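Below is upload10.txt, holding compact mmCIF, C-alpha atoms.
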# COMPACT_ATOMS: atom_id res chain seq x y z
CA MET A 8 5.96 22.34 24.64
CA THR A 9 4.26 23.06 27.97
CA PRO A 10 4.38 20.55 30.84
CA TRP A 11 0.70 19.78 30.26
CA GLN A 12 1.32 19.05 26.57
CA LEU A 13 4.25 16.78 27.43
CA LEU A 14 2.14 14.92 29.99
CA THR A 15 -0.63 14.54 27.40
CA LEU A 16 1.84 13.07 24.92
CA PHE A 17 3.30 10.70 27.49
CA GLY A 18 -0.12 9.41 28.56
CA ALA A 19 -1.23 9.01 24.95
CA GLY A 20 2.04 7.21 24.25
CA VAL A 21 1.47 4.64 27.00
CA ALA A 22 -2.07 4.00 25.76
CA ALA A 23 -0.91 3.86 22.14
CA GLY A 24 1.93 1.49 22.99
CA LEU A 25 -0.41 -0.90 24.79
CA ILE A 26 -3.08 -0.96 22.10
CA GLY A 27 -0.48 -1.04 19.34
CA ALA A 28 1.30 -4.09 20.72
CA VAL A 29 -2.01 -5.91 21.27
CA ALA A 30 -4.12 -4.71 18.37
CA GLY A 31 -2.02 -2.67 15.96
CA LEU A 32 -3.97 0.55 16.53
CA ALA A 33 -1.32 2.69 18.20
CA SER A 34 -1.92 5.70 15.96
CA LEU A 35 -5.52 5.80 17.16
CA PHE A 36 -4.09 7.49 20.29
CA SER A 37 -0.71 8.92 19.32
CA TYR A 38 -1.58 10.75 16.08
CA PRO A 39 -4.59 12.66 17.53
CA ALA A 40 -2.46 13.58 20.57
CA LEU A 41 0.11 15.20 18.29
CA LEU A 42 -2.66 17.11 16.52
CA ALA A 43 -4.08 18.13 19.90
CA VAL A 44 -0.83 19.82 20.96
CA GLY A 45 -0.92 21.95 17.82
CA LEU A 46 1.14 20.14 15.18
CA PRO A 47 0.08 20.36 11.51
CA ALA A 48 -1.20 17.08 10.03
CA THR A 49 1.87 16.21 7.93
CA THR A 50 4.29 17.11 10.72
CA ALA A 51 2.22 15.07 13.17
CA ASN A 52 2.27 12.09 10.78
CA ILE A 53 6.05 12.25 10.34
CA THR A 54 6.68 12.76 14.08
CA ASN A 55 4.34 9.89 14.88
CA THR A 56 6.26 7.53 12.60
CA VAL A 57 9.57 8.48 14.25
CA CYS A 58 8.09 7.84 17.70
CA MET A 59 6.65 4.49 16.59
CA LEU A 60 10.21 3.24 16.41
CA PHE A 61 10.15 3.11 20.21
CA GLN A 62 6.74 1.44 20.40
CA GLY A 63 8.01 -1.26 18.08
CA ALA A 64 11.13 -1.78 20.14
CA GLY A 65 9.07 -2.30 23.28
CA ALA A 66 6.57 -4.59 21.54
CA VAL A 67 9.27 -6.77 19.99
CA ALA A 68 11.07 -7.06 23.32
CA GLY A 69 7.83 -8.12 24.99
CA SER A 70 7.06 -10.66 22.24
CA ARG A 71 10.26 -12.70 22.57
CA PRO A 72 8.54 -15.85 23.91
CA GLU A 73 6.20 -15.96 20.90
CA LEU A 74 9.07 -15.34 18.47
CA LEU A 75 10.97 -18.51 19.38
CA GLY A 76 11.44 -20.50 16.18
CA ALA A 77 10.16 -17.68 13.97
CA GLY A 78 13.59 -16.89 12.50
CA PRO A 79 12.97 -18.47 9.06
CA GLN A 80 9.70 -16.57 8.60
CA LEU A 81 11.19 -13.27 9.70
CA ARG A 82 14.23 -13.67 7.43
CA ARG A 83 11.86 -14.28 4.52
CA TRP A 84 9.68 -11.22 5.13
CA ILE A 85 11.90 -8.63 6.81
CA GLY A 86 13.31 -7.52 3.45
CA PRO A 87 9.90 -6.73 1.91
CA ALA A 88 8.95 -4.91 5.13
CA LEU A 89 12.05 -2.70 4.97
CA LEU A 90 11.63 -2.00 1.26
CA GLY A 91 7.94 -1.19 1.69
CA GLY A 92 8.60 1.18 4.58
CA ALA A 93 11.22 3.01 2.52
CA ALA A 94 8.88 3.25 -0.47
CA GLY A 95 6.04 4.60 1.66
CA ALA A 96 8.25 7.21 3.27
CA GLY A 97 9.51 8.27 -0.15
CA LEU A 98 5.95 8.65 -1.41
CA LEU A 99 5.08 10.90 1.52
CA LEU A 100 8.16 13.07 1.09
CA LEU A 101 8.05 13.36 -2.69
CA THR A 102 4.36 13.53 -3.58
CA PRO A 103 1.61 15.93 -2.53
CA ALA A 104 -1.31 14.72 -0.49
CA GLY A 105 -3.73 13.10 -2.90
CA GLY A 106 -6.33 10.44 -3.33
CA PHE A 107 -4.49 7.75 -1.38
CA GLU A 108 -6.23 8.85 1.82
CA ARG A 109 -9.55 8.02 0.14
CA ILE A 110 -8.52 4.39 -0.33
CA VAL A 111 -7.25 3.90 3.23
CA PRO A 112 -10.68 3.54 4.97
CA PHE A 113 -11.58 0.62 2.72
CA LEU A 114 -8.24 -1.12 3.31
CA VAL A 115 -8.66 -0.75 7.07
CA ALA A 116 -12.23 -2.04 6.92
CA VAL A 117 -11.24 -5.12 4.90
CA ALA A 118 -8.40 -5.91 7.30
CA ALA A 119 -10.75 -5.57 10.28
CA LEU A 120 -13.32 -7.89 8.70
CA LEU A 121 -10.63 -10.47 7.93
CA LEU A 122 -9.86 -10.66 11.64
CA LEU A 123 -13.36 -12.02 12.25
CA ARG A 124 -12.68 -15.11 10.16
CA PRO A 125 -12.12 -18.31 12.17
CA PRO A 126 -8.46 -19.37 12.37
CA ARG A 127 -7.38 -21.62 9.52
CA PRO A 128 -6.58 -25.20 10.59
CA ALA A 129 -2.99 -26.28 10.37
CA ALA A 130 -2.26 -27.93 7.05
CA GLU A 131 0.71 -29.98 5.91
CA PRO A 132 3.93 -28.13 6.71
CA ARG A 133 4.87 -26.10 3.65
CA PRO A 134 6.50 -22.72 3.17
CA PRO A 135 4.09 -19.84 2.55
CA GLY A 136 3.89 -18.68 -1.05
CA PRO A 137 5.25 -15.42 -2.47
CA GLY A 138 1.88 -13.76 -1.91
CA VAL A 139 2.74 -13.27 1.77
CA ALA A 140 5.89 -11.32 0.89
CA VAL A 141 3.89 -9.19 -1.55
CA GLY A 142 1.31 -8.54 1.16
CA VAL A 143 4.00 -7.59 3.68
CA PHE A 144 5.49 -5.17 1.15
CA GLY A 145 2.10 -3.58 0.44
CA VAL A 146 1.23 -3.10 4.11
CA ALA A 147 4.74 -1.74 4.77
CA VAL A 148 4.29 0.85 2.00
CA TYR A 149 1.16 2.02 3.75
CA ALA A 150 2.93 1.99 7.14
CA GLY A 151 5.69 4.23 5.81
CA TYR A 152 3.24 6.56 4.09
CA PHE A 153 0.64 7.05 6.82
CA GLY A 154 0.49 4.09 9.18
CA ALA A 155 -2.86 4.37 10.98
CA ALA A 156 -4.08 0.77 11.43
CA ALA A 157 -1.10 -0.64 9.52
CA GLY A 158 -0.72 -3.07 12.42
CA VAL A 159 -4.30 -4.28 11.91
CA MET A 160 -3.56 -4.95 8.25
CA MET A 161 -0.32 -6.77 9.09
CA LEU A 162 -2.07 -8.79 11.79
CA ALA A 163 -4.80 -9.83 9.36
CA LEU A 164 -2.05 -10.98 7.00
CA THR A 165 -0.07 -12.98 9.57
CA LEU A 166 -3.26 -14.51 10.98
CA SER A 167 -4.10 -15.82 7.50
CA LEU A 168 -1.20 -18.27 7.69
CA PRO A 169 -2.26 -21.89 8.28
CA GLY A 170 -2.21 -22.82 11.96
CA ALA A 171 -1.43 -19.27 13.11
CA THR A 172 -2.31 -18.40 16.70
CA LEU A 173 -3.21 -14.87 17.70
CA LEU A 174 -0.15 -14.45 19.93
CA ARG A 175 2.30 -15.79 17.32
CA ALA A 176 0.70 -13.75 14.52
CA ASN A 177 0.76 -10.67 16.74
CA ALA A 178 4.45 -11.17 17.49
CA LEU A 179 5.26 -11.45 13.78
CA LYS A 180 3.18 -8.35 13.17
CA ASN A 181 5.15 -6.45 15.82
CA VAL A 182 8.48 -7.23 14.15
CA LEU A 183 7.37 -6.55 10.57
CA THR A 184 5.61 -3.27 11.30
CA TRP A 185 8.58 -2.19 13.43
CA ALA A 186 10.91 -2.84 10.49
CA ALA A 187 8.71 -0.79 8.15
CA ASN A 188 8.43 2.03 10.68
CA ALA A 189 12.15 1.96 11.40
CA VAL A 190 13.32 2.58 7.85
CA ALA A 191 10.63 5.24 7.36
CA ALA A 192 11.62 6.90 10.65
CA VAL A 193 15.26 7.14 9.56
CA GLY A 194 14.23 8.80 6.31
CA PHE A 195 11.94 11.24 8.11
CA ALA A 196 14.58 12.04 10.74
CA VAL A 197 17.01 13.05 7.99
CA LEU A 198 14.70 14.59 5.42
CA GLY A 199 11.34 15.24 7.11
CA ASP A 200 9.84 17.94 9.28
CA VAL A 201 9.99 16.21 12.69
CA ALA A 202 8.72 18.09 15.75
CA TRP A 203 11.61 16.97 17.95
CA ALA A 204 10.27 18.73 21.05
CA ALA A 205 7.35 16.28 21.06
CA VAL A 206 9.43 13.14 20.55
CA PRO A 207 10.87 12.36 24.04
CA ALA A 208 7.57 12.33 25.95
CA LEU A 209 5.62 10.43 23.30
CA ALA A 210 8.46 8.02 22.57
CA LEU A 211 8.94 7.16 26.26
CA GLY A 212 5.23 6.46 26.66
CA LEU A 213 5.22 4.32 23.51
CA LEU A 214 8.22 2.34 24.70
CA ILE A 215 6.61 1.58 28.07
CA GLY A 216 3.22 0.75 26.59
CA GLY A 217 4.74 -1.34 23.82
CA ARG A 218 6.73 -3.40 26.31
CA LEU A 219 3.66 -4.08 28.46
CA GLY A 220 1.32 -4.82 25.53
CA PRO A 221 2.38 -8.44 24.83
CA VAL A 222 2.21 -9.23 28.55
CA VAL A 223 -1.38 -7.99 28.61
CA ALA A 224 -2.23 -9.90 25.42
CA ARG A 225 -1.21 -13.22 26.99
CA ARG A 226 -3.85 -12.74 29.66
CA LEU A 227 -6.76 -11.94 27.34
CA PRO A 228 -9.07 -14.45 25.58
CA ALA A 229 -7.90 -14.73 21.97
CA ARG A 230 -11.42 -14.69 20.48
CA LEU A 231 -12.38 -11.61 22.49
CA VAL A 232 -9.20 -9.83 21.40
CA ARG A 233 -9.87 -10.61 17.72
CA ILE A 234 -13.41 -9.25 17.96
CA GLY A 235 -12.27 -6.17 19.86
CA ILE A 236 -9.56 -5.39 17.31
CA ALA A 237 -12.01 -5.87 14.45
CA VAL A 238 -14.61 -3.56 16.01
CA ALA A 239 -12.00 -0.90 16.77
CA GLY A 240 -10.61 -1.21 13.25
CA LEU A 241 -14.05 -0.75 11.72
CA GLY A 242 -14.59 2.30 13.90
CA LEU A 243 -11.30 3.77 12.71
CA ALA A 244 -12.26 2.99 9.11
CA VAL A 245 -15.48 4.96 9.54
CA ARG A 246 -13.62 7.91 11.04
CA LEU A 247 -11.04 7.89 8.23
CA PHE A 248 -13.84 7.67 5.67
CA VAL A 249 -15.56 10.71 7.13
CA GLN A 250 -12.30 12.66 7.15
CA ALA A 251 -11.41 11.74 3.56
CA TRP A 252 -14.79 11.84 1.84
CA LEU A 253 -17.11 14.18 3.78
Written form, structure tokens:
Amino acid sequence: MTPWQLLTLFGAGVAAGLIGAVAGLASLFSYPALLAVGLPATTANITNTVCMLFQGAGAVAGSRPELLGAGPQLRRWIGPALLGGAAGAGLLLLTPAGGFERIVPFLVAVAALLLLRPPRPAAEPRPPGPGVAVGVFGVAVYAGYFGAAAGVMMLALTLSLPGATLLRANALKNVLTWAANAVAAVGFAVLGDVAWAAVPALALGLLIGGRLGPVVARRLPARLVRIGIAVAGLGLAVRLFVQAWL
């Protein structure tokens, strides 16, 4: 790695950490940066997942105020997130690249469109049904397998809960996607082809950006943030569609 490549990765990491903590689109910056410094696609994907462990750590640390009282929800869904991340990582390591990439653009587009729905009004207090755990598991599988816009999908899911605010839903998203990334990162670190020379610069940038992201989110209008995330998610869906189908 040349000094210029390391600086590129660090800068992309800061940007990715910020946007990831706010909008769940970290890989929009970090994955292309790894490709730009010459890594093959699969190696870049695996290295990106390992580095996302640091983005998640920063984002969770910055989200502590919004996580107060969220213990029961996290205990209910952290297991499916860990299992899904492990399953996704296993799929990537054990199966050849196939048609899954062709489905991803549509999943990202649906998640982005869901963010444009008005928040659901708070209903009578009742525990969420098992469908939320199934959804967390499904998104975590995707996060472990590829991960681009997994945060958008998880945010759409947590925002669907009755009475959810953007900041609280975003904090839950940060924890659950971090859990999925963490278990996948461990598997990749042991069994995958990680470009370790690229990790320190990108990981440091992701950690800094992830820590600052929730602070920035508190100062932005919630409606504007939702629209911005949705538009960016749709743009990423179009790009992924072009890459997979054209």
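Of the listed residues (A:Ile26, A:Leu209, A:Leu46, A:Val115), A:Val115 comes nearest to Arg246 of chain A; the distances count only C-alpha atoms.
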Counting only C-alpha atoms, what are the residues of segment 57-172 of chain A within 12 Å of segment 197-200 of chain A, and for each of them which pair of atoms is the nearest and at what distance in Å, to one decimal? Sort the table by chain and rising number, as CSV.
residue,atom,partner,partner_atom,distance
A:Val57,CA,A:Gly199,CA,10.0
A:Ala96,CA,A:Gly199,CA,9.4
A:Gly97,CA,A:Leu198,CA,9.9
A:Leu99,CA,A:Gly199,CA,9.4
A:Leu100,CA,A:Gly199,CA,7.1
A:Leu101,CA,A:Gly199,CA,10.5
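Between atom CA of Phe195 of chain A and atom CA of Arg71 of chain A the interatomic distance comes to 28.0 Å.
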Original post:
Residues at most 7 Å from Val190 of chain A, counting only C-alpha atoms, excluding those fewer than 6 positions away in the same chain, as a PyMOL selection string?
Top reply: chain A and resi 89+92-93
Subject >> Gap from atom CA of Gly27 of chain A to atom CA of Phe144 of chain A - Å, one decimal >> reply: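 Straight-line distance from atom CA of Gly27 of chain A to atom CA of Phe144 of chain A works out to 19.6 Å.
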**OP:** Might you pull out every residue within 12 Å of Ala30 of chain A, with all atoms listed in the file counted and same-chain residues fewer than 6 positions away left off, and present them as an NGL selection string?
**Re:** :A and (22-24 or 66 or 118-119 or 122 or 155-163 or 173-174 or 176-178 or 180-181 or 217 or 220-221 or 223-224 or 227 or 229 or 231-240)
Output for the residues just chosen: C-alpha atoms as a PDB file, keeping the file's coordinate frame:
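New file out-v4.pdb:
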ATOM      1  CA  ALA A  22      -2.070   4.000  25.760  1.00  0.00           C
ATOM      2  CA  ALA A  23      -0.910   3.860  22.140  1.00  0.00           C
ATOM      3  CA  GLY A  24       1.930   1.490  22.990  1.00  0.00           C
ATOM      4  CA  ALA A  66       6.570  -4.590  21.540  1.00  0.00           C
ATOM      5  CA  ALA A 118      -8.400  -5.910   7.300  1.00  0.00           C
ATOM      6  CA  ALA A 119     -10.750  -5.570  10.280  1.00  0.00           C
ATOM      7  CA  LEU A 122      -9.860 -10.660  11.640  1.00  0.00           C
ATOM      8  CA  ALA A 155      -2.860   4.370  10.980  1.00  0.00           C
ATOM      9  CA  ALA A 156      -4.080   0.770  11.430  1.00  0.00           C
ATOM     10  CA  ALA A 157      -1.100  -0.640   9.520  1.00  0.00           C
ATOM     11  CA  GLY A 158      -0.720  -3.070  12.420  1.00  0.00           C
ATOM     12  CA  VAL A 159      -4.300  -4.280  11.910  1.00  0.00           C
ATOM     13  CA  MET A 160      -3.560  -4.950   8.250  1.00  0.00           C
ATOM     14  CA  MET A 161      -0.320  -6.770   9.090  1.00  0.00           C
ATOM     15  CA  LEU A 162      -2.070  -8.790  11.790  1.00  0.00           C
ATOM     16  CA  ALA A 163      -4.800  -9.830   9.360  1.00  0.00           C
ATOM     17  CA  LEU A 173      -3.210 -14.870  17.700  1.00  0.00           C
ATOM     18  CA  LEU A 174      -0.150 -14.450  19.930  1.00  0.00           C
ATOM     19  CA  ALA A 176       0.700 -13.750  14.520  1.00  0.00           C
ATOM     20  CA  ASN A 177       0.760 -10.670  16.740  1.00  0.00           C
ATOM     21  CA  ALA A 178       4.450 -11.170  17.490  1.00  0.00           C
ATOM     22  CA  LYS A 180       3.180  -8.350  13.170  1.00  0.00           C
ATOM     23  CA  ASN A 181       5.150  -6.450  15.820  1.00  0.00           C
ATOM     24  CA  GLY A 217       4.740  -1.340  23.820  1.00  0.00           C
ATOM     25  CA  GLY A 220       1.320  -4.820  25.530  1.00  0.00           C
ATOM     26  CA  PRO A 221       2.380  -8.440  24.830  1.00  0.00           C
ATOM     27  CA  VAL A 223      -1.380  -7.990  28.610  1.00  0.00           C
ATOM     28  CA  ALA A 224      -2.230  -9.900  25.420  1.00  0.00           C
ATOM     29  CA  LEU A 227      -6.760 -11.940  27.340  1.00  0.00           C
ATOM     30  CA  ALA A 229      -7.900 -14.730  21.970  1.00  0.00           C
ATOM     31  CA  LEU A 231     -12.380 -11.610  22.490  1.00  0.00           C
ATOM     32  CA  VAL A 232      -9.200  -9.830  21.400  1.00  0.00           C
ATOM     33  CA  ARG A 233      -9.870 -10.610  17.720  1.00  0.00           C
ATOM     34  CA  ILE A 234     -13.410  -9.250  17.960  1.00  0.00           C
ATOM     35  CA  GLY A 235     -12.270  -6.170  19.860  1.00  0.00           C
ATOM     36  CA  ILE A 236      -9.560  -5.390  17.310  1.00  0.00           C
ATOM     37  CA  ALA A 237     -12.010  -5.870  14.450  1.00  0.00           C
ATOM     38  CA  VAL A 238     -14.610  -3.560  16.010  1.00  0.00           C
ATOM     39  CA  ALA A 239     -12.000  -0.900  16.770  1.00  0.00           C
ATOM     40  CA  GLY A 240     -10.610  -1.210  13.250  1.00  0.00           C
TER      41      GLY A 240
END
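Computed from the coordinates, the atom CA of Val245 of chain A to atom CA of Ser34 of chain A distance equals 15.0 Å.
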Completion step: segment 233-249 of chain A with N, CA, C and O atoms as a compact mmCIF listing (two decimals), in the coordinates of the input:
# COMPACT_ATOMS: atom_id res chain seq x y z
N ARG A 233 -9.63 -10.72 19.16
CA ARG A 233 -9.87 -10.61 17.72
C ARG A 233 -11.11 -9.75 17.44
O ARG A 233 -11.09 -8.87 16.58
N ILE A 234 -12.18 -10.01 18.17
CA ILE A 234 -13.41 -9.25 17.96
C ILE A 234 -13.20 -7.78 18.32
O ILE A 234 -13.63 -6.87 17.60
N GLY A 235 -12.53 -7.54 19.44
CA GLY A 235 -12.27 -6.17 19.86
C GLY A 235 -11.44 -5.41 18.85
O GLY A 235 -11.72 -4.23 18.55
N ILE A 236 -10.39 -6.05 18.32
CA ILE A 236 -9.56 -5.39 17.31
C ILE A 236 -10.38 -5.09 16.06
O ILE A 236 -10.28 -4.01 15.47
N ALA A 237 -11.19 -6.06 15.65
CA ALA A 237 -12.01 -5.87 14.45
C ALA A 237 -12.98 -4.71 14.62
O ALA A 237 -13.13 -3.87 13.72
N VAL A 238 -13.65 -4.64 15.76
CA VAL A 238 -14.61 -3.56 16.01
C VAL A 238 -13.90 -2.21 16.03
O VAL A 238 -14.36 -1.23 15.43
N ALA A 239 -12.75 -2.15 16.72
CA ALA A 239 -12.00 -0.90 16.77
C ALA A 239 -11.50 -0.51 15.38
O ALA A 239 -11.51 0.67 15.01
N GLY A 240 -11.06 -1.49 14.60
CA GLY A 240 -10.61 -1.21 13.25
C GLY A 240 -11.72 -0.68 12.36
O GLY A 240 -11.52 0.26 11.57
N LEU A 241 -12.91 -1.25 12.49
CA LEU A 241 -14.05 -0.75 11.72
C LEU A 241 -14.42 0.68 12.14
O LEU A 241 -14.76 1.52 11.30
N GLY A 242 -14.33 0.94 13.44
CA GLY A 242 -14.59 2.30 13.90
C GLY A 242 -13.60 3.29 13.33
O GLY A 242 -13.96 4.40 12.92
N LEU A 243 -12.31 2.89 13.29
CA LEU A 243 -11.30 3.77 12.71
C LEU A 243 -11.54 3.95 11.22
O LEU A 243 -11.37 5.06 10.68
N ALA A 244 -11.97 2.89 10.54
CA ALA A 244 -12.26 2.99 9.11
C ALA A 244 -13.36 4.01 8.85
O ALA A 244 -13.29 4.81 7.90
N VAL A 245 -14.39 3.99 9.69
CA VAL A 245 -15.48 4.96 9.54
C VAL A 245 -14.97 6.38 9.75
O VAL A 245 -15.29 7.30 8.98
N ARG A 246 -14.14 6.57 10.77
CA ARG A 246 -13.62 7.91 11.04
C ARG A 246 -12.74 8.40 9.89
O ARG A 246 -12.85 9.55 9.46
N LEU A 247 -11.89 7.52 9.35
CA LEU A 247 -11.04 7.89 8.23
C LEU A 247 -11.87 8.18 6.98
O LEU A 247 -11.53 9.07 6.19
N PHE A 248 -12.95 7.42 6.80
CA PHE A 248 -13.84 7.67 5.67
C PHE A 248 -14.47 9.05 5.75
O PHE A 248 -14.53 9.80 4.77
N VAL A 249 -14.95 9.40 6.93
CA VAL A 249 -15.56 10.71 7.13
C VAL A 249 -14.55 11.82 6.86
O VAL A 249 -14.86 12.83 6.19
